[in-house]
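Okay, protein.cif is below, mmCIF, C-alpha atoms:
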```cif
data_structure
loop_
_atom_site.group_PDB
_atom_site.id
_atom_site.type_symbol
_atom_site.label_atom_id
_atom_site.label_comp_id
_atom_site.auth_asym_id
_atom_site.auth_seq_id
_atom_site.Cartn_x
_atom_site.Cartn_y
_atom_site.Cartn_z
ATOM 1 C CA MET A 8 14.039 7.404 -6.559
ATOM 2 C CA TRP A 9 13.004 8.386 -3.042
ATOM 3 C CA VAL A 10 10.471 6.157 -1.281
ATOM 4 C CA ARG A 11 8.782 6.825 2.046
ATOM 5 C CA VAL A 12 6.516 4.319 3.804
ATOM 6 C CA LEU A 13 3.808 6.574 5.202
ATOM 7 C CA GLY A 14 1.767 3.746 6.722
ATOM 8 C CA SER A 15 2.642 0.067 7.060
ATOM 9 C CA ALA A 16 -0.435 -1.498 8.691
ATOM 10 C CA ALA A 17 -3.501 -3.076 7.135
ATOM 11 C CA GLY A 18 -7.020 -1.716 7.625
ATOM 12 C CA GLY A 19 -7.644 -0.342 11.100
ATOM 13 C CA GLY A 20 -3.985 0.372 11.816
ATOM 14 C CA PHE A 21 -2.008 -0.977 14.750
ATOM 15 C CA PRO A 22 -3.344 -1.180 17.377
ATOM 16 C CA GLN A 23 -6.842 -1.433 15.943
ATOM 17 C CA TRP A 24 -9.310 0.548 18.020
ATOM 18 C CA ASN A 25 -11.721 -2.344 18.664
ATOM 19 C CA CYS A 26 -9.224 -5.194 19.002
ATOM 20 C CA ALA A 27 -7.671 -6.833 22.061
ATOM 21 C CA CYS A 28 -5.610 -9.482 20.227
ATOM 22 C CA PRO A 29 -2.157 -10.236 21.714
ATOM 23 C CA PRO A 30 -0.213 -7.831 19.442
ATOM 24 C CA CYS A 31 -2.679 -4.980 20.046
ATOM 25 C CA GLN A 32 -2.539 -5.544 23.793
ATOM 26 C CA ALA A 33 1.256 -5.635 23.712
ATOM 27 C CA VAL A 34 1.659 -2.368 21.809
ATOM 28 C CA ARG A 35 -0.826 -0.641 24.105
ATOM 29 C CA ASP A 36 0.699 -1.718 27.416
ATOM 30 C CA GLY A 37 4.327 -1.914 26.285
ATOM 31 C CA SER A 38 4.701 -5.473 27.526
ATOM 32 C CA ARG A 39 6.574 -6.510 24.376
ATOM 33 C CA PRO A 40 8.592 -4.544 21.804
ATOM 34 C CA ALA A 41 6.218 -3.285 19.121
ATOM 35 C CA ARG A 42 5.580 0.015 17.371
ATOM 36 C CA PRO A 43 2.230 1.570 16.426
ATOM 37 C CA ARG A 44 1.477 1.854 12.716
ATOM 38 C CA THR A 45 -0.951 3.756 10.525
ATOM 39 C CA GLU A 46 -2.793 2.372 7.503
ATOM 40 C CA SER A 47 -0.938 1.360 4.353
ATOM 41 C CA SER A 48 0.361 4.019 1.940
ATOM 42 C CA ILE A 49 3.687 5.098 0.431
ATOM 43 C CA ALA A 50 5.065 8.248 -1.193
ATOM 44 C CA VAL A 51 7.470 8.209 -4.153
ATOM 45 C CA SER A 52 9.528 10.953 -5.801
ATOM 46 C CA ALA A 53 12.130 11.258 -8.539
ATOM 47 C CA ASP A 54 13.592 14.515 -7.219
ATOM 48 C CA SER A 55 12.559 14.682 -3.519
ATOM 49 C CA ARG A 56 10.426 17.738 -4.391
ATOM 50 C CA ARG A 57 7.398 16.411 -6.321
ATOM 51 C CA TRP A 58 5.717 13.458 -4.639
ATOM 52 C CA PHE A 59 3.169 10.835 -5.617
ATOM 53 C CA LEU A 60 1.045 8.845 -3.186
ATOM 54 C CA LEU A 61 0.294 5.197 -3.773
ATOM 55 C CA ASN A 62 -3.073 4.814 -2.065
ATOM 56 C CA ALA A 63 -4.635 7.400 0.233
ATOM 57 C CA SER A 64 -5.410 5.898 3.621
ATOM 58 C CA PRO A 65 -7.784 7.342 6.230
ATOM 59 C CA ASP A 66 -4.611 8.354 8.126
ATOM 60 C CA VAL A 67 -3.307 10.523 5.270
ATOM 61 C CA ARG A 68 -3.421 13.816 7.165
ATOM 62 C CA ALA A 69 -1.261 12.517 10.022
ATOM 63 C CA GLN A 70 1.041 10.822 7.522
ATOM 64 C CA ILE A 71 1.604 14.064 5.608
ATOM 65 C CA GLU A 72 2.274 15.974 8.821
ATOM 66 C CA SER A 73 4.847 13.372 9.866
ATOM 67 C CA PHE A 74 6.834 13.850 6.639
ATOM 68 C CA PRO A 75 8.214 17.395 6.088
ATOM 69 C CA ALA A 76 8.835 16.758 2.371
ATOM 70 C CA LEU A 77 5.041 16.709 1.894
ATOM 71 C CA HIS A 78 4.436 19.958 3.778
ATOM 72 C CA PRO A 79 3.122 22.954 1.812
ATOM 73 C CA SER A 80 5.147 26.097 1.162
ATOM 74 C CA ARG A 81 4.157 29.706 0.511
ATOM 75 C CA GLY A 82 5.282 31.515 -2.633
ATOM 76 C CA PRO A 83 6.427 35.157 -2.891
ATOM 77 C CA ASP A 84 2.888 36.192 -3.788
ATOM 78 C CA GLY A 85 1.452 34.396 -0.772
ATOM 79 C CA SER A 86 0.063 31.476 -2.767
ATOM 80 C CA ARG A 87 0.271 27.964 -1.394
ATOM 81 C CA THR A 88 2.237 25.229 -3.120
ATOM 82 C CA VAL A 89 1.909 21.565 -2.232
ATOM 83 C CA PRO A 90 4.467 18.893 -3.208
ATOM 84 C CA LEU A 91 1.762 16.260 -3.749
ATOM 85 C CA GLN A 92 1.242 15.788 -7.497
ATOM 86 C CA ALA A 93 -1.118 12.806 -7.794
ATOM 87 C CA VAL A 94 -2.463 9.654 -6.179
ATOM 88 C CA LEU A 95 -2.092 6.175 -7.708
ATOM 89 C CA LEU A 96 -4.646 3.612 -6.515
ATOM 90 C CA THR A 97 -4.121 -0.136 -6.379
ATOM 91 C CA ASP A 98 -7.842 -0.803 -5.835
ATOM 92 C CA ALA A 99 -11.049 0.753 -4.544
ATOM 93 C CA GLU A 100 -10.916 -0.570 -0.963
ATOM 94 C CA LEU A 101 -11.975 1.990 1.646
ATOM 95 C CA ASP A 102 -8.671 1.536 3.479
ATOM 96 C CA HIS A 103 -6.869 2.763 0.346
ATOM 97 C CA THR A 104 -9.255 5.495 -0.778
ATOM 98 C CA LEU A 105 -10.953 7.231 2.165
ATOM 99 C CA GLY A 106 -7.993 9.591 2.443
ATOM 100 C CA LEU A 107 -8.951 11.090 -0.927
ATOM 101 C CA LEU A 108 -11.737 12.986 0.829
ATOM 102 C CA LEU A 109 -9.162 14.552 3.157
ATOM 103 C CA LEU A 110 -7.221 15.897 0.161
ATOM 104 C CA ARG A 111 -10.178 17.892 -1.167
ATOM 105 C CA GLU A 112 -8.800 21.269 0.006
ATOM 106 C CA GLY A 113 -5.882 21.104 -2.458
ATOM 107 C CA GLY A 114 -7.843 22.783 -5.239
ATOM 108 C CA GLY A 115 -7.894 19.704 -7.432
ATOM 109 C CA LEU A 116 -6.648 16.144 -7.506
ATOM 110 C CA VAL A 117 -5.001 13.988 -10.155
ATOM 111 C CA LEU A 118 -6.028 10.367 -9.727
ATOM 112 C CA HIS A 119 -4.464 7.365 -11.478
ATOM 113 C CA ALA A 120 -6.808 4.368 -11.335
ATOM 114 C CA THR A 121 -8.086 1.536 -13.480
ATOM 115 C CA GLU A 122 -11.506 1.771 -15.045
ATOM 116 C CA ALA A 123 -12.767 -0.901 -12.624
ATOM 117 C CA THR A 124 -11.545 1.096 -9.617
ATOM 118 C CA ARG A 125 -12.960 4.352 -10.938
ATOM 119 C CA ASP A 126 -16.342 2.752 -11.609
ATOM 120 C CA THR A 127 -16.457 1.354 -8.075
ATOM 121 C CA LEU A 128 -15.536 4.709 -6.526
ATOM 122 C CA HIS A 129 -18.100 6.518 -8.661
ATOM 123 C CA GLY A 130 -21.074 4.196 -8.880
ATOM 124 C CA GLY A 131 -20.417 1.848 -5.956
ATOM 125 C CA THR A 132 -19.093 3.604 -2.866
ATOM 126 C CA SER A 133 -19.925 7.029 -4.379
ATOM 127 C CA LEU A 134 -16.692 8.328 -2.848
ATOM 128 C CA LEU A 135 -15.560 9.853 -6.122
ATOM 129 C CA ARG A 136 -18.895 11.543 -6.736
ATOM 130 C CA THR A 137 -18.687 13.074 -3.256
ATOM 131 C CA LEU A 138 -15.111 14.244 -3.829
ATOM 132 C CA GLU A 139 -16.023 15.835 -7.150
ATOM 133 C CA THR A 140 -18.538 18.106 -5.406
ATOM 134 C CA TYR A 141 -15.645 19.657 -3.448
ATOM 135 C CA CYS A 142 -12.830 19.810 -6.008
ATOM 136 C CA PRO A 143 -11.987 18.958 -9.622
ATOM 137 C CA VAL A 144 -10.701 15.416 -10.090
ATOM 138 C CA GLU A 145 -8.612 14.575 -13.143
ATOM 139 C CA TRP A 146 -8.732 10.842 -13.858
ATOM 140 C CA ARG A 147 -5.718 9.259 -15.539
ATOM 141 C CA PRO A 148 -6.736 5.756 -16.736
ATOM 142 C CA VAL A 149 -4.428 2.999 -15.559
ATOM 143 C CA VAL A 150 -4.070 0.275 -18.181
ATOM 144 C CA PRO A 151 -2.152 -2.786 -16.969
ATOM 145 C CA GLY A 152 0.930 -3.366 -19.091
ATOM 146 C CA ALA A 153 1.224 0.205 -20.380
ATOM 147 C CA GLU A 154 4.357 2.235 -19.626
ATOM 148 C CA VAL A 155 3.343 5.625 -18.220
ATOM 149 C CA PRO A 156 5.636 8.629 -17.626
ATOM 150 C CA LEU A 157 4.882 9.987 -14.173
ATOM 151 C CA ALA A 158 7.489 12.732 -13.805
ATOM 152 C CA GLU A 159 10.838 13.564 -15.327
ATOM 153 C CA GLY A 160 12.996 10.498 -14.699
ATOM 154 C CA LEU A 161 10.153 8.399 -13.259
ATOM 155 C CA SER A 162 7.654 6.070 -14.935
ATOM 156 C CA TYR A 163 5.354 3.243 -13.919
ATOM 157 C CA ARG A 164 3.790 0.104 -15.307
ATOM 158 C CA ALA A 165 0.719 -1.286 -13.574
ATOM 159 C CA PHE A 166 0.016 -5.000 -13.674
ATOM 160 C CA ASP A 167 -3.103 -6.971 -12.920
ATOM 161 C CA VAL A 168 -3.216 -8.852 -9.602
ATOM 162 C CA PRO A 169 -5.818 -11.643 -9.838
ATOM 163 C CA THR A 170 -8.261 -11.892 -6.956
ATOM 164 C CA THR A 171 -11.250 -14.050 -6.158
ATOM 165 C CA LYS A 172 -12.325 -11.891 -3.227
ATOM 166 C CA ARG A 173 -16.002 -11.098 -3.390
ATOM 167 C CA ALA A 174 -16.534 -7.544 -4.603
ATOM 168 C CA ARG A 175 -18.753 -5.461 -2.331
ATOM 169 C CA PHE A 176 -19.442 -3.137 -5.248
ATOM 170 C CA GLY A 177 -19.126 -3.666 -8.985
ATOM 171 C CA SER A 178 -18.484 -6.857 -10.957
ATOM 172 C CA ALA A 179 -16.341 -9.588 -9.424
ATOM 173 C CA SER A 180 -15.253 -10.770 -12.861
ATOM 174 C CA ARG A 181 -13.724 -7.526 -14.135
ATOM 175 C CA GLU A 182 -9.989 -7.236 -14.606
ATOM 176 C CA GLY A 183 -8.235 -4.331 -13.002
ATOM 177 C CA ARG A 184 -9.959 -4.595 -9.622
ATOM 178 C CA VAL A 185 -6.511 -4.945 -8.024
ATOM 179 C CA VAL A 186 -3.207 -3.857 -9.543
ATOM 180 C CA GLY A 187 0.397 -3.595 -8.462
ATOM 181 C CA TYR A 188 2.805 -0.912 -9.646
ATOM 182 C CA ARG A 189 6.342 -1.259 -10.953
ATOM 183 C CA LEU A 190 7.945 2.191 -10.752
ATOM 184 C CA THR A 191 11.235 2.737 -12.570
ATOM 185 C CA ASP A 192 13.905 5.385 -12.132
ATOM 186 C CA GLU A 193 14.715 5.951 -15.781
ATOM 187 C CA ARG A 194 18.184 7.312 -15.033
ATOM 188 C CA SER A 195 19.413 4.247 -13.186
ATOM 189 C CA GLY A 196 16.957 1.645 -14.437
ATOM 190 C CA ARG A 197 16.282 0.561 -10.850
ATOM 191 C CA ALA A 198 12.706 -0.376 -10.043
ATOM 192 C CA LEU A 199 10.373 -0.467 -7.062
ATOM 193 C CA VAL A 200 7.367 -2.795 -6.977
ATOM 194 C CA HIS A 201 4.448 -1.848 -4.732
ATOM 195 C CA LEU A 202 2.150 -4.812 -4.140
ATOM 196 C CA PRO A 203 0.151 -4.281 -0.929
ATOM 197 C CA VAL A 204 -2.650 -6.654 -1.942
ATOM 198 C CA LEU A 205 -1.710 -10.119 -3.180
ATOM 199 C CA GLN A 206 -3.793 -13.280 -3.204
ATOM 200 C CA GLU A 207 -1.589 -15.490 -5.367
ATOM 201 C CA LEU A 208 1.927 -15.351 -6.770
ATOM 202 C CA THR A 209 1.049 -16.283 -10.327
ATOM 203 C CA PRO A 210 3.771 -16.591 -13.002
ATOM 204 C CA ALA A 211 2.618 -13.263 -14.461
ATOM 205 C CA VAL A 212 2.925 -11.496 -11.105
ATOM 206 C CA CYS A 213 6.335 -13.088 -10.427
ATOM 207 C CA ALA A 214 7.541 -11.835 -13.802
ATOM 208 C CA GLU A 215 6.837 -8.269 -12.668
ATOM 209 C CA LEU A 216 9.067 -8.763 -9.610
ATOM 210 C CA GLU A 217 12.120 -9.875 -11.554
ATOM 211 C CA ASP A 218 15.221 -7.747 -11.025
ATOM 212 C CA CYS A 219 13.439 -5.068 -9.008
ATOM 213 C CA ALA A 220 15.628 -3.312 -6.460
ATOM 214 C CA CYS A 221 12.908 -3.165 -3.802
ATOM 215 C CA LEU A 222 9.639 -5.011 -3.275
ATOM 216 C CA LEU A 223 6.961 -3.714 -0.904
ATOM 217 C CA VAL A 224 4.601 -6.660 -0.595
ATOM 218 C CA ASP A 225 1.419 -7.781 1.162
ATOM 219 C CA GLY A 226 2.166 -9.092 4.667
ATOM 220 C CA THR A 227 -1.392 -9.012 6.001
ATOM 221 C CA CYS A 228 -1.554 -12.339 7.846
ATOM 222 C CA TRP A 229 1.052 -14.750 9.155
ATOM 223 C CA SER A 230 -1.157 -17.819 8.741
ATOM 224 C CA ASP A 231 -4.146 -18.520 6.530
ATOM 225 C CA ASP A 232 -6.466 -19.265 9.483
ATOM 226 C CA GLU A 233 -5.167 -16.425 11.690
ATOM 227 C CA LEU A 234 -8.376 -14.423 11.971
ATOM 228 C CA VAL A 235 -10.587 -17.513 12.175
ATOM 229 C CA ARG A 236 -8.479 -18.992 14.966
ATOM 230 C CA LEU A 237 -8.651 -15.754 16.960
ATOM 231 C CA GLY A 238 -12.429 -15.623 16.514
ATOM 232 C CA LEU A 239 -12.226 -12.316 14.637
ATOM 233 C CA ALA A 240 -13.517 -13.392 11.226
ATOM 234 C CA GLY A 241 -15.199 -16.283 9.458
ATOM 235 C CA ARG A 242 -12.917 -16.247 6.408
ATOM 236 C CA THR A 243 -9.317 -17.215 5.849
ATOM 237 C CA ALA A 244 -6.635 -14.801 4.656
ATOM 238 C CA ARG A 245 -6.828 -16.208 1.127
ATOM 239 C CA GLU A 246 -10.614 -15.880 1.099
ATOM 240 C CA MET A 247 -10.142 -12.223 2.044
ATOM 241 C CA GLY A 248 -7.755 -11.722 -0.880
ATOM 242 C CA HIS A 249 -4.390 -12.016 0.893
ATOM 243 C CA LEU A 250 -1.662 -14.634 0.545
ATOM 244 C CA PRO A 251 -0.465 -15.631 4.045
ATOM 245 C CA ILE A 252 3.213 -15.377 4.912
ATOM 246 C CA SER A 253 3.736 -18.848 6.379
ATOM 247 C CA GLY A 254 2.929 -22.385 5.307
ATOM 248 C CA PRO A 255 3.363 -24.285 2.040
ATOM 249 C CA GLY A 256 2.966 -21.895 -0.854
ATOM 250 C CA GLY A 257 3.016 -18.903 1.483
ATOM 251 C CA SER A 258 4.720 -15.680 0.475
ATOM 252 C CA LEU A 259 7.794 -16.228 2.648
ATOM 253 C CA GLU A 260 8.618 -19.521 0.968
ATOM 254 C CA ARG A 261 8.091 -18.054 -2.499
ATOM 255 C CA LEU A 262 9.657 -14.623 -2.089
ATOM 256 C CA ALA A 263 12.781 -15.630 -0.199
ATOM 257 C CA ALA A 264 14.105 -17.290 -3.356
ATOM 258 C CA LEU A 265 13.594 -14.282 -5.631
ATOM 259 C CA PRO A 266 16.646 -12.234 -6.727
ATOM 260 C CA VAL A 267 15.368 -8.978 -5.216
ATOM 261 C CA GLU A 268 17.676 -6.678 -3.242
ATOM 262 C CA ARG A 269 15.167 -5.640 -0.565
ATOM 263 C CA ARG A 270 11.924 -7.461 0.222
ATOM 264 C CA ILE A 271 9.741 -5.632 2.713
ATOM 265 C CA TYR A 272 6.362 -6.612 4.143
ATOM 266 C CA VAL A 273 3.770 -3.831 4.250
ATOM 267 C CA HIS A 274 -0.002 -3.826 4.867
ATOM 268 C CA VAL A 275 0.535 -5.919 8.020
ATOM 269 C CA ASN A 276 -2.634 -6.765 9.950
ATOM 270 C CA ASN A 277 -2.843 -5.979 13.660
ATOM 271 C CA THR A 278 -3.182 -9.709 14.458
ATOM 272 C CA ASN A 279 0.069 -10.657 12.724
ATOM 273 C CA PRO A 280 2.739 -11.753 15.239
ATOM 274 C CA ILE A 281 5.552 -10.346 13.067
ATOM 275 C CA LEU A 282 4.577 -6.953 14.518
ATOM 276 C CA LEU A 283 6.056 -8.158 17.810
ATOM 277 C CA GLU A 284 9.776 -7.609 17.417
ATOM 278 C CA ASP A 285 10.715 -10.435 19.805
ATOM 279 C CA SER A 286 8.396 -13.054 18.304
ATOM 280 C CA PRO A 287 9.659 -16.267 16.689
ATOM 281 C CA GLU A 288 7.627 -15.367 13.589
ATOM 282 C CA ARG A 289 9.505 -12.075 13.263
ATOM 283 C CA ARG A 290 12.802 -13.897 13.649
ATOM 284 C CA THR A 291 11.809 -16.380 10.941
ATOM 285 C CA VAL A 292 10.957 -13.569 8.528
ATOM 286 C CA GLU A 293 14.293 -11.861 9.109
ATOM 287 C CA GLU A 294 16.242 -15.107 8.801
ATOM 288 C CA HIS A 295 14.732 -15.458 5.321
ATOM 289 C CA GLY A 296 16.026 -12.037 4.309
ATOM 290 C CA MET A 297 12.682 -10.240 4.564
ATOM 291 C CA GLU A 298 11.999 -6.976 6.401
ATOM 292 C CA VAL A 299 8.916 -5.688 8.197
ATOM 293 C CA ALA A 300 8.097 -2.080 7.344
ATOM 294 C CA VAL A 301 7.522 0.593 9.950
ATOM 295 C CA ASP A 302 5.940 3.983 9.411
ATOM 296 C CA GLY A 303 8.621 6.417 8.303
ATOM 297 C CA LEU A 304 10.859 3.837 6.640
ATOM 298 C CA GLU A 305 12.775 5.473 3.790
ATOM 299 C CA VAL A 306 14.361 3.734 0.812
ATOM 300 C CA LEU A 307 16.644 5.408 -1.704
ATOM 301 C CA LEU A 308 16.977 3.621 -5.049
#
```
Could I get this file's structure written as C-alpha cells?
Amino acid sequence: MWVRVLGSAAGGGFPQWNCACPPCQAVRDGSRPARPRTESSIAVSADSRRWFLLNASPDVRAQIESFPALHPSRGPDGSRTVPLQAVLLTDAELDHTLGLLLLREGGGLVLHATEATRDTLHGGTSLLRTLETYCPVEWRPVVPGAEVPLAEGLSYRAFDVPTTKRARFGSASREGRVVGYRLTDERSGRALVHLPVLQELTPAVCAELEDCACLLVDGTCWSDDELVRLGLAGRTAREMGHLPISGPGGSLERLAALPVERRIYVHVNNTNPILLEDSPERRTVEEHGMEVAVDGLEVLL
C-alpha cells in the first residue's frame, strides 16, 4: 500500500492567513525552523496507479499538482485519464469537503460517505447539491463495521468516532457524523488507520488501532486550552471535537503505549507548537516515538 500525505495541517493551513500566533509568525519570517502545510488530506493506492483520496481539502488542486502520481495522462485517442478513483470522507466539515467542488471537471465523482455525512452535504451545507449540478456523483454508503473492497488488493473498514461537538447542520445525535478508516493491504495483511478527527480514545476506537502498521491521527492542539489561552477561541480543544496531545488522558500518553509501528500526527493546527521543529513540545512528541507529518510524506506498507 502506497500512502501520501497531501496536507498535514488543520483548517486554515499553516500559516493561517488571518493568524499572527507564534508558530505562524515563525514560519512567515523564518525565525525558527518550521515548514508551511496545506489542509489535511491523504492519498492511498494499492498499485501506485489508481489512487483514492481520504477527504478533499480546499487545497486539493495544489496538492494534486505537487504529486505527479495524481497527474492526468492522455490516451492514444487523445482522451484524458485521471488516476483519482474516488474520495472517502471522514465527516462533512468544510475543511474536508470543499475540495470536492474543485474536482467537478473530472466528468463524475465516486464518493464514499456515511448517510449522516451525505445528508449534511446535501441538505445542510448544500455542497453536494451544488456539485451534482456540475457532474454526476455516485454515492457509496459507508457503514461502520462493514468490510468494503476498494480496489484489487485493497479494502477498508470504517468505524464510528464518537463526538459531542455541536453540529452546525443536521442532528447532533446521529451516528456516523465522524468516522475513521482502517485500510488493509490484502496481500500482506498490513493496515493503515486514518483518524484525523478524534475527541476520545474509547475502547472501541482503540480496538481499531490494534496491530495496524501505521496510524495517522488527530494532532490538532497541543493543550486543551490552547486556543482559549491565545485569545483565538472561546472553546477548548475537546469542546471543538479534538483530543489534545498533552496532559492527563491526552493522545500522547495514550498512543505512546500502543503496539503500532508508526504513529504520525496529522491535522495539526497552526497554533500547535509541535510545528516548530526546535520546540520542547516537538522534542517531547519525538521522544515518545511519535512523528509529526509534513506535506509530501510518503509511507509504504
Item to check | Two-atom distance - atom CA of Leu262 of chain A, atom CA of Arg242 of chain A (Å) | outcome: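 For atom CA of Leu262 of chain A relative to atom CA of Arg242 of chain A, the distance reads 24.2 Å.
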Checklist entry - A:Asp54, A:Glu288, A:Asp36, A:Asp225: which is nearest Arg194 of chain A, counting all atoms listed in the file? => result A:Asp54
Item to check | the PyMOL selection byres ((chain A and resi 109-115) around 7) applied to the shown file, residues as a PyMOL selection string | outcome: chain A and resi 106-108+116-117+138+141-144
Next on the checklist: Assuming the chain letters and numbering stay as they are in my file, what does the PyMOL selection byres ((chain A and resi 265) around 9) actually select? List them as a VMD selection string.
Outcome noted: chain A and resid 213 216 to 218 261 to 264 266 to 268
Item to check | A:Ile281, A:Leu223, A:Ala33, A:Val235 ranked by distance to Glu293 of chain A, top pick (using only C-alpha atoms) | outcome: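 Residue with the minimum atom-to-atom distance to Glu293 of chain A: A:Ile281.
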Checklist entry - Any chance you could work out the residue set of the PyMOL selection byres ((chain A and resi 159) around 9) here, as a list of chain:residue names? => result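 Applying the PyMOL selection byres ((chain A and resi 159) around 9) to the structure shown produces A:Ala53, A:Asp54, A:Pro156, A:Leu157, A:Ala158, A:Gly160, A:Leu161, A:Ser162, A:Glu193.
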Reconstructed N, CA, C and O atoms for segment 187-204 of chain A, given as a compact mmCIF listing (two decimals), keeping the file's coordinate frame:
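Listed below is the output, result.txt:
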```txt
# COMPACT_ATOMS: atom_id res chain seq x y z
N GLY A 187 -0.85 -3.99 -9.09
CA GLY A 187 0.40 -3.60 -8.46
C GLY A 187 1.07 -2.58 -9.37
O GLY A 187 0.67 -2.39 -10.53
N TYR A 188 2.08 -1.90 -8.85
CA TYR A 188 2.80 -0.91 -9.65
C TYR A 188 4.30 -1.22 -9.64
O TYR A 188 4.88 -1.49 -8.58
N ARG A 189 4.89 -1.19 -10.82
CA ARG A 189 6.34 -1.26 -10.95
C ARG A 189 6.81 0.13 -11.39
O ARG A 189 6.55 0.56 -12.52
N LEU A 190 7.47 0.84 -10.49
CA LEU A 190 7.94 2.19 -10.75
C LEU A 190 9.44 2.13 -11.06
O LEU A 190 10.20 1.48 -10.33
N THR A 191 9.85 2.82 -12.11
CA THR A 191 11.24 2.74 -12.57
C THR A 191 11.89 4.11 -12.59
O THR A 191 11.31 5.07 -13.12
N ASP A 192 13.07 4.20 -12.00
CA ASP A 192 13.90 5.38 -12.13
C ASP A 192 14.60 5.27 -13.48
O ASP A 192 15.47 4.41 -13.66
N GLU A 193 14.23 6.10 -14.42
CA GLU A 193 14.72 5.95 -15.78
C GLU A 193 16.19 6.29 -15.93
O GLU A 193 16.83 5.91 -16.91
N ARG A 194 16.76 6.98 -14.96
CA ARG A 194 18.18 7.31 -15.03
C ARG A 194 19.05 6.13 -14.65
O ARG A 194 20.10 5.89 -15.24
N SER A 195 18.62 5.39 -13.65
CA SER A 195 19.41 4.25 -13.19
C SER A 195 18.87 2.91 -13.65
O SER A 195 19.58 1.90 -13.63
N GLY A 196 17.60 2.89 -14.06
CA GLY A 196 16.96 1.64 -14.44
C GLY A 196 16.48 0.82 -13.26
O GLY A 196 15.91 -0.26 -13.44
N ARG A 197 16.69 1.31 -12.05
CA ARG A 197 16.28 0.56 -10.85
C ARG A 197 14.78 0.72 -10.62
O ARG A 197 14.21 1.79 -10.87
N ALA A 198 14.17 -0.36 -10.14
CA ALA A 198 12.71 -0.38 -10.04
C ALA A 198 12.23 -0.73 -8.64
O ALA A 198 12.88 -1.49 -7.91
N LEU A 199 11.10 -0.17 -8.29
CA LEU A 199 10.37 -0.47 -7.06
C LEU A 199 9.06 -1.11 -7.45
O LEU A 199 8.37 -0.63 -8.36
N VAL A 200 8.68 -2.19 -6.78
CA VAL A 200 7.37 -2.80 -6.98
C VAL A 200 6.55 -2.62 -5.71
O VAL A 200 7.00 -2.99 -4.62
N HIS A 201 5.35 -2.04 -5.86
CA HIS A 201 4.45 -1.85 -4.73
C HIS A 201 3.26 -2.78 -4.92
O HIS A 201 2.51 -2.65 -5.88
N LEU A 202 3.13 -3.74 -4.01
CA LEU A 202 2.15 -4.81 -4.14
C LEU A 202 1.51 -5.08 -2.78
O LEU A 202 1.72 -6.12 -2.16
N PRO A 203 0.70 -4.14 -2.28
CA PRO A 203 0.15 -4.28 -0.93
C PRO A 203 -1.01 -5.25 -0.81
O PRO A 203 -1.40 -5.60 0.30
N VAL A 204 -1.56 -5.67 -1.95
CA VAL A 204 -2.65 -6.65 -1.94
C VAL A 204 -2.27 -7.77 -2.90
O VAL A 204 -2.08 -7.54 -4.09
```
